[in-house]
>>> print(open('query_28.txt').read())   # compact mmCIF, C-alpha atoms and all ligand atoms
# COMPACT_ATOMS: atom_id res chain seq x y z
CA MET Z 869 -110.47 -68.65 56.14
CA ASP Z 870 -107.95 -66.43 54.47
CA ASN Z 871 -106.68 -67.09 50.99
CA ARG Z 872 -103.00 -66.87 51.69
CA GLY Z 873 -100.83 -68.82 49.30
CA LYS Z 874 -98.74 -71.80 50.28
CA ILE Z 875 -94.99 -72.00 50.54
CA VAL Z 876 -93.63 -74.63 48.19
CA ILE Z 877 -90.01 -75.59 48.75
CA VAL Z 878 -88.22 -77.12 45.83
CA SER Z 879 -84.89 -78.69 46.65
CA GLY Z 880 -82.92 -81.24 44.75
CA PHE Z 881 -79.54 -82.26 43.54
CA SER Z 882 -77.51 -79.77 41.60
CA GLY Z 883 -77.97 -80.80 37.95
CA ALA Z 884 -81.40 -82.34 38.48
CA GLY Z 885 -83.03 -79.68 36.35
CA LYS Z 886 -84.87 -77.67 39.03
CA GLY Z 887 -84.29 -74.39 37.21
CA THR Z 888 -85.82 -75.66 33.95
CA LEU Z 889 -88.79 -77.11 35.80
CA MET Z 890 -89.47 -73.90 37.68
CA LYS Z 891 -89.30 -71.80 34.51
CA ALA Z 892 -91.80 -74.15 32.83
CA LEU Z 893 -94.08 -74.12 35.88
CA MET Z 894 -94.09 -70.32 35.92
CA GLN Z 895 -94.85 -70.14 32.21
CA GLN Z 896 -97.74 -72.52 32.48
CA TYR Z 897 -99.31 -71.31 35.72
CA ARG Z 898 -98.07 -67.75 36.09
CA ASN Z 899 -101.20 -66.51 37.88
CA ARG Z 900 -100.95 -69.10 40.65
CA TYR Z 901 -97.25 -69.08 41.53
CA ALA Z 902 -94.54 -66.63 42.40
CA LEU Z 903 -90.91 -67.70 42.21
CA SER Z 904 -88.73 -66.17 44.89
CA VAL Z 905 -85.44 -64.61 43.78
CA SER Z 906 -82.71 -65.28 46.33
CA ALA Z 907 -79.69 -63.24 47.26
CA THR Z 908 -76.32 -64.93 46.83
CA THR Z 909 -72.63 -64.18 47.10
CA ARG Z 910 -71.70 -66.55 44.29
CA ALA Z 911 -70.62 -65.10 40.94
CA PRO Z 912 -73.17 -65.04 38.11
CA ARG Z 913 -72.91 -67.85 35.56
CA PRO Z 914 -72.95 -66.92 31.88
CA GLY Z 915 -76.48 -65.94 30.92
CA GLU Z 916 -77.62 -65.17 34.47
CA SER Z 917 -78.78 -61.67 35.31
CA ASP Z 918 -79.02 -59.72 38.52
CA GLY Z 919 -82.54 -59.48 39.91
CA VAL Z 920 -83.78 -62.30 37.65
CA ASP Z 921 -81.83 -65.42 38.58
CA TYR Z 922 -80.45 -64.03 41.84
CA PHE Z 923 -79.61 -60.78 43.51
CA PHE Z 924 -75.83 -61.03 43.28
CA VAL Z 925 -74.35 -59.30 46.32
CA SER Z 926 -71.04 -59.00 48.16
CA ARG Z 927 -70.37 -60.92 51.39
CA GLU Z 928 -70.54 -57.60 53.29
CA ARG Z 929 -73.97 -56.78 51.83
CA PHE Z 930 -75.22 -60.29 52.59
CA GLU Z 931 -74.04 -60.09 56.19
CA GLN Z 932 -75.83 -56.76 56.50
CA MET Z 933 -79.06 -58.40 55.29
CA ILE Z 934 -78.64 -61.08 57.98
CA GLU Z 935 -78.13 -58.39 60.60
CA ASP Z 936 -81.20 -56.45 59.39
CA ASP Z 937 -83.33 -59.60 59.64
CA ALA Z 938 -84.22 -59.16 55.96
CA LEU Z 939 -84.02 -62.89 55.14
CA VAL Z 940 -86.54 -65.64 55.92
CA GLU Z 941 -83.66 -68.10 55.94
CA TYR Z 942 -80.12 -68.36 54.65
CA ALA Z 943 -77.46 -71.02 54.33
CA GLU Z 944 -73.91 -71.56 53.12
CA TYR Z 945 -73.58 -73.88 50.16
CA VAL Z 946 -70.21 -74.90 48.74
CA GLY Z 947 -68.52 -71.74 50.04
CA ASN Z 948 -71.20 -69.14 49.24
CA TYR Z 949 -74.14 -67.59 51.05
CA TYR Z 950 -77.69 -67.99 49.70
CA GLY Z 951 -80.80 -66.46 51.30
CA THR Z 952 -84.50 -65.77 50.76
CA PRO Z 953 -85.68 -62.13 50.99
CA LYS Z 954 -88.43 -61.84 53.61
CA ALA Z 955 -90.57 -58.86 52.56
CA TRP Z 956 -91.27 -60.08 49.04
CA VAL Z 957 -92.26 -63.58 50.18
CA ASN Z 958 -94.76 -62.19 52.68
CA GLU Z 959 -96.27 -59.84 50.07
CA GLN Z 960 -96.84 -62.70 47.61
CA LEU Z 961 -98.36 -64.99 50.23
CA SER Z 962 -100.75 -62.24 51.28
CA ALA Z 963 -101.71 -61.74 47.62
CA GLY Z 964 -102.76 -65.40 47.54
CA LYS Z 965 -99.86 -66.69 45.42
CA ASN Z 966 -98.10 -69.96 46.10
CA VAL Z 967 -94.51 -68.96 46.66
CA ILE Z 968 -91.84 -71.26 45.33
CA LEU Z 969 -88.53 -71.28 47.13
CA GLU Z 970 -85.86 -73.11 45.18
CA ILE Z 971 -83.48 -73.66 48.07
CA GLU Z 972 -81.16 -76.26 49.52
CA ILE Z 973 -81.79 -78.59 52.39
CA GLN Z 974 -80.61 -76.55 55.41
CA GLY Z 975 -82.83 -73.65 54.31
CA ALA Z 976 -85.74 -76.05 53.77
CA LYS Z 977 -85.47 -77.20 57.38
CA LYS Z 978 -85.50 -73.62 58.66
CA ILE Z 979 -88.59 -72.81 56.57
CA ARG Z 980 -90.41 -75.88 57.84
CA GLU Z 981 -89.83 -74.69 61.42
CA GLN Z 982 -91.29 -71.26 60.63
CA PHE Z 983 -94.03 -72.45 58.25
CA PRO Z 984 -95.18 -75.93 59.30
CA ASP Z 985 -97.66 -76.02 56.38
CA ALA Z 986 -94.95 -75.59 53.75
CA ILE Z 987 -94.91 -78.32 51.09
CA LEU Z 988 -91.45 -79.82 50.61
CA LEU Z 989 -90.60 -81.25 47.19
CA PHE Z 990 -87.35 -82.97 46.31
CA VAL Z 991 -86.43 -83.00 42.61
CA THR Z 992 -84.06 -85.61 41.28
CA ALA Z 993 -82.77 -86.95 37.99
CA PRO Z 994 -83.99 -90.46 37.11
CA ASP Z 995 -80.78 -92.03 38.50
CA ALA Z 996 -77.35 -91.11 39.88
CA MET Z 997 -75.48 -91.72 36.64
CA SER Z 998 -77.61 -89.26 34.67
CA LEU Z 999 -77.15 -86.74 37.48
CA LYS Z 1000 -73.38 -87.11 37.24
CA SER Z 1001 -73.35 -86.66 33.48
CA ARG Z 1002 -75.64 -83.63 33.64
CA LEU Z 1003 -73.38 -82.01 36.24
CA LEU Z 1004 -70.15 -82.72 34.39
CA GLY Z 1005 -71.69 -81.92 31.01
CA ARG Z 1006 -73.12 -78.56 32.07
CA GLY Z 1007 -69.77 -76.97 31.30
CA THR Z 1008 -70.43 -74.00 33.59
CA GLU Z 1009 -68.43 -75.45 36.48
CA THR Z 1010 -64.76 -76.24 36.90
CA GLU Z 1011 -64.06 -79.93 37.43
CA GLU Z 1012 -63.45 -79.26 41.13
CA ALA Z 1013 -66.69 -77.35 41.54
CA ALA Z 1014 -68.61 -80.14 39.81
CA ALA Z 1015 -66.93 -82.72 42.07
CA ALA Z 1016 -67.81 -80.62 45.14
CA ARG Z 1017 -71.44 -80.50 43.99
CA LEU Z 1018 -71.46 -84.26 43.52
CA ARG Z 1019 -70.14 -84.75 47.06
CA ARG Z 1020 -72.74 -82.30 48.30
CA ALA Z 1021 -75.42 -84.28 46.46
CA GLN Z 1022 -74.34 -87.38 48.38
CA GLU Z 1023 -74.66 -85.48 51.69
CA GLU Z 1024 -78.04 -84.13 50.62
CA SER Z 1025 -79.31 -87.57 49.68
CA LEU Z 1026 -79.22 -88.38 53.40
CA GLY Z 1027 -81.86 -85.69 53.97
CA MET Z 1028 -84.27 -86.70 51.21
CA ASP Z 1029 -86.46 -88.61 53.66
CA GLY Z 1030 -87.31 -85.34 55.43
CA TYR Z 1031 -89.20 -84.09 52.34
CA ASP Z 1032 -92.88 -84.68 51.64
CA TYR Z 1033 -92.73 -85.56 47.93
CA LEU Z 1034 -90.29 -86.94 45.39
CA VAL Z 1035 -90.37 -85.46 41.90
CA ILE Z 1036 -88.40 -87.51 39.39
CA ASN Z 1037 -87.49 -85.26 36.48
CA ASP Z 1038 -88.23 -87.56 33.57
CA THR Z 1039 -89.98 -85.13 31.23
CA VAL Z 1040 -90.48 -81.45 32.02
CA GLU Z 1041 -94.16 -81.31 30.99
CA GLU Z 1042 -95.17 -84.27 33.13
CA CYS Z 1043 -93.18 -83.04 36.11
CA VAL Z 1044 -94.72 -79.59 35.97
CA GLY Z 1045 -98.19 -81.12 35.86
CA ARG Z 1046 -97.36 -83.37 38.80
CA ILE Z 1047 -96.02 -80.49 40.88
CA ASP Z 1048 -99.17 -78.43 40.30
CA LYS Z 1049 -101.34 -81.39 41.30
CA ILE Z 1050 -99.32 -81.95 44.47
CA VAL Z 1051 -99.68 -78.30 45.46
CA ASN Z 1052 -103.42 -78.48 44.78
CA ASP Z 1053 -103.62 -81.59 46.86
CA GLU Z 1054 -104.91 -83.95 44.17
CA GLN Z 1055 -104.70 -87.10 46.20
CA ALA Z 1056 -104.24 -89.81 43.57
CA VAL Z 1057 -101.07 -88.17 42.22
CA CYS Z 1058 -99.87 -87.20 45.67
CA GLU Z 1059 -99.87 -90.74 46.99
CA ASN Z 1060 -97.45 -92.07 44.34
CA CYS Z 1061 -95.10 -89.16 44.83
CA ARG Z 1062 -94.93 -89.34 48.61
CA MET Z 1063 -91.43 -89.95 49.92
CA SER Z 1064 -92.72 -92.89 51.92
CA ALA Z 1065 -93.90 -94.55 48.68
CA ASN Z 1066 -90.43 -94.30 47.14
CA THR Z 1067 -88.05 -95.85 49.64
CA ASP Z 1068 -86.45 -98.30 47.18
CA TYR Z 1069 -85.64 -95.49 44.79
CA ILE Z 1070 -84.22 -93.32 47.59
CA ASN Z 1071 -82.00 -96.11 48.93
CA ARG Z 1072 -80.64 -96.89 45.46
CA MET Z 1073 -79.86 -93.21 44.86
CA LYS Z 1074 -78.05 -92.93 48.20
CA THR Z 1075 -75.88 -95.98 47.44
CA GLU Z 1076 -74.98 -94.81 43.92
CA LEU Z 1077 -74.12 -91.28 45.02
CA LEU Z 1078 -71.97 -92.63 47.83
CA SER Z 1079 -69.92 -94.64 45.37
CA PHE Z 1080 -69.44 -91.54 43.16
CA ALA Z 1081 -68.48 -89.41 46.14
CA LYS Z 1082 -65.83 -91.95 47.10
CA GLY Z 1083 -64.45 -91.53 43.59
CA ASP Z 1084 -65.46 -94.90 42.17
CA GLU Z 1085 -65.30 -94.57 38.41
CA SER Z 1086 -68.37 -96.27 37.11
P1 LIG L 1101 -76.73 -72.62 42.43
O1 LIG L 1101 -75.38 -72.06 42.80
O2 LIG L 1101 -76.59 -73.91 41.67
O3 LIG L 1101 -77.61 -71.62 41.74
O4 LIG L 1101 -77.46 -72.97 43.81
C1 LIG L 1101 -76.84 -73.79 44.74
C2 LIG L 1101 -77.85 -74.27 45.74
O5 LIG L 1101 -78.32 -73.19 46.54
C3 LIG L 1101 -79.08 -74.91 45.10
O6 LIG L 1101 -79.37 -76.11 45.81
C4 LIG L 1101 -80.16 -73.87 45.33
O7 LIG L 1101 -81.45 -74.47 45.42
C5 LIG L 1101 -79.73 -73.28 46.65
N1 LIG L 1101 -80.30 -71.96 46.93
C6 LIG L 1101 -80.60 -70.98 46.05
N2 LIG L 1101 -81.13 -69.92 46.67
C7 LIG L 1101 -81.20 -70.25 48.00
C8 LIG L 1101 -81.67 -69.57 49.17
O8 LIG L 1101 -82.17 -68.45 49.14
N3 LIG L 1101 -81.54 -70.22 50.35
C9 LIG L 1101 -81.01 -71.47 50.45
N4 LIG L 1101 -80.96 -72.04 51.66
N5 LIG L 1101 -80.55 -72.14 49.38
C10 LIG L 1101 -80.64 -71.54 48.15
>>> encode(input="query_28.txt", output="structure tokens", more="lines below")
Ligand code: 5GP
Amino acid sequence: MDNRGKIVIVSGFSGAGKGTLMKALMQQYRNRYALSVSATTRAPRPGESDGVDYFFVSRERFEQMIEDDALVEYAEYVGNYYGTPKAWVNEQLSAGKNVILEIEIQGAKKIREQFPDAILLFVTAPDAMSLKSRLLGRGTETEEAAAARLRRAQEESLGMDGYDYLVINDTVEECVGRIDKIVNDEQAVCENCRMSANTDYINRMKTELLSFAKGDES
């Protein structure tokens, strides 16, 4: 048996707090995980830096990376390209690290095809209303961009069932602990977090997001 790491895909609604969770996970378990830094054509948000949060590149550069087969996967999300650099991911896996890819749903599907053993986690806020307020309250998006992300969240909710585990972001510490247990295959925790054990929650989320996407003010 080799000791290659596992690929852990973390997707979730914009505003669900994935970034905060991943930072906390890396702080707590730095020796076990490596967090992939994606390339993107979107502009940096205040406080983001090149090479840390993303590699911020032009559309031309990104298209060159696609042509050079330098990405494990890529997708377009609300008008911008996002992609996972291939060489770095392979290096980390070979070094025995679990590689976390914080990517959206189309990319997750492509990874699953290439790496059938990848673990797919879907992170969500406790309910749709708190997701909406986090998105609108973030203040880093224009109103239109926030509305587009909310519509996108509704579309993405339709794909939640394709993930292995649901991670409800109630408190950061508990979530980080749960994620680590899932990756280490600690069965008791895993069973409660399985998508198939959370169908009521998923259906409620889908219904609430649909009503927001249609513009219902509630
Ligand atoms: P944001 O603009 O909020 O940083 O990211 C928008 C979306 O793109 C998020 O759902 C994020 O997980 C996703 N994303 C970030 N990097 C990648 C990537 O390399 N590939 C794919 N497919 N999605 C990504």
>>> closest_residue(input="query_28.txt", among="Z:Asp1038, Z:Glu1023, Z:Glu944, Z:Asp1032", to="ligand LIG 1101 (chain L)", atoms="only C-alpha atoms and all ligand atoms")
Z:Glu944
>>> residues_near_ligand(input="query_28.txt", ligand="ligand LIG 1101 (chain L)", cutoff="7 Å", atoms="only C-alpha atoms and all ligand atoms", output="ChimeraX atom specification")
/Z:879-882,906-908,910,941-943,945,950-952,970-976
>>> residues_near_point(input="query_28.txt", point="(-96.7, -62.5, 44.7)", cutoff="10 Å", atoms="all atoms listed in the file", output="PyMOL selection string")
chain Z and resi 873+899-904+956-967
>>> atom_distance(input="query_28.txt", atom1="atom CA of Tyr1069 of chain Z", atom2="atom CA of Pro994 of chain Z")
9.3 Å
>>> axis_aligned_box(input="query_28.txt", around="segment 954-967 of chain Z", padding_each_side="5 Å", output="JSON")
{"center_x": -95.6, "center_y": -64.4, "center_z": 49.5, "size_x": 24.3, "size_y": 21.1, "size_z": 18.2}
>>> closest_residue(input="query_28.txt", among="Z:Ile1070, Z:Leu1034, Z:Ala938, Z:Val1040", to="Val1057 of chain Z", atoms="all atoms listed in the file")
Z:Leu1034
>>> closest_residue(input="query_28.txt", among="Z:Ile877, Z:Gly887, Z:Val946, Z:Thr909", to="Arg1020 of chain Z", atoms="all atoms listed in the file")
Z:Val946
>>> atom_distance(input="query_28.txt", atom1="atom CA of Gly883 of chain Z", atom2="atom CA of Gly919 of chain Z")
21.9 Å
>>> residues_around(input="query_28.txt", residues="Glu1041 of chain Z", least_positions_apart="6", cutoff="12 Å", atoms="only C-alpha atoms", output="VMD selection string")
chain Z and resid 888 to 893 895 to 896 1047 to 1048
>>> atom_distance(input="query_28.txt", atom1="atom CA of Val925 of chain Z", atom2="atom CA of Arg980 of chain Z")
25.8 Å
>>> residues_around(input="query_28.txt", residues="Val878 of chain Z", least_positions_apart="6", cutoff="7 Å", atoms="all atoms listed in the file", output="ChimeraX atom specification")
/Z:968-971,988-991
>>> closest_residue(input="query_28.txt", among="Z:Ser1064, Z:Glu1076, Z:Val940, Z:Glu1011", to="Gln982 of chain Z", atoms="only C-alpha atoms")
Z:Val940
>>> closest_residue(input="query_28.txt", among="Z:Arg1062, Z:Arg1072, Z:Arg929, Z:Arg1019", to="Asp995 of chain Z", atoms="only C-alpha atoms")
Z:Arg1072
>>> residues_around(input="query_28.txt", residues="Cys1061 of chain Z", least_positions_apart="4", cutoff="9 Å", atoms="all atoms listed in the file", output="PDB file with C-alpha atoms, keeping the file's coordinate frame")
ATOM      1  CA  ASP Z1032     -92.880 -84.680  51.640  1.00  0.00           C
ATOM      2  CA  TYR Z1033     -92.730 -85.560  47.930  1.00  0.00           C
ATOM      3  CA  LEU Z1034     -90.290 -86.940  45.390  1.00  0.00           C
ATOM      4  CA  VAL Z1035     -90.370 -85.460  41.900  1.00  0.00           C
ATOM      5  CA  ILE Z1036     -88.400 -87.510  39.390  1.00  0.00           C
ATOM      6  CA  ARG Z1046     -97.360 -83.370  38.800  1.00  0.00           C
ATOM      7  CA  ILE Z1050     -99.320 -81.950  44.470  1.00  0.00           C
ATOM      8  CA  VAL Z1057    -101.070 -88.170  42.220  1.00  0.00           C
ATOM      9  CA  ALA Z1065     -93.900 -94.550  48.680  1.00  0.00           C
ATOM     10  CA  ASN Z1066     -90.430 -94.300  47.140  1.00  0.00           C
TER      11      ASN Z1066
END
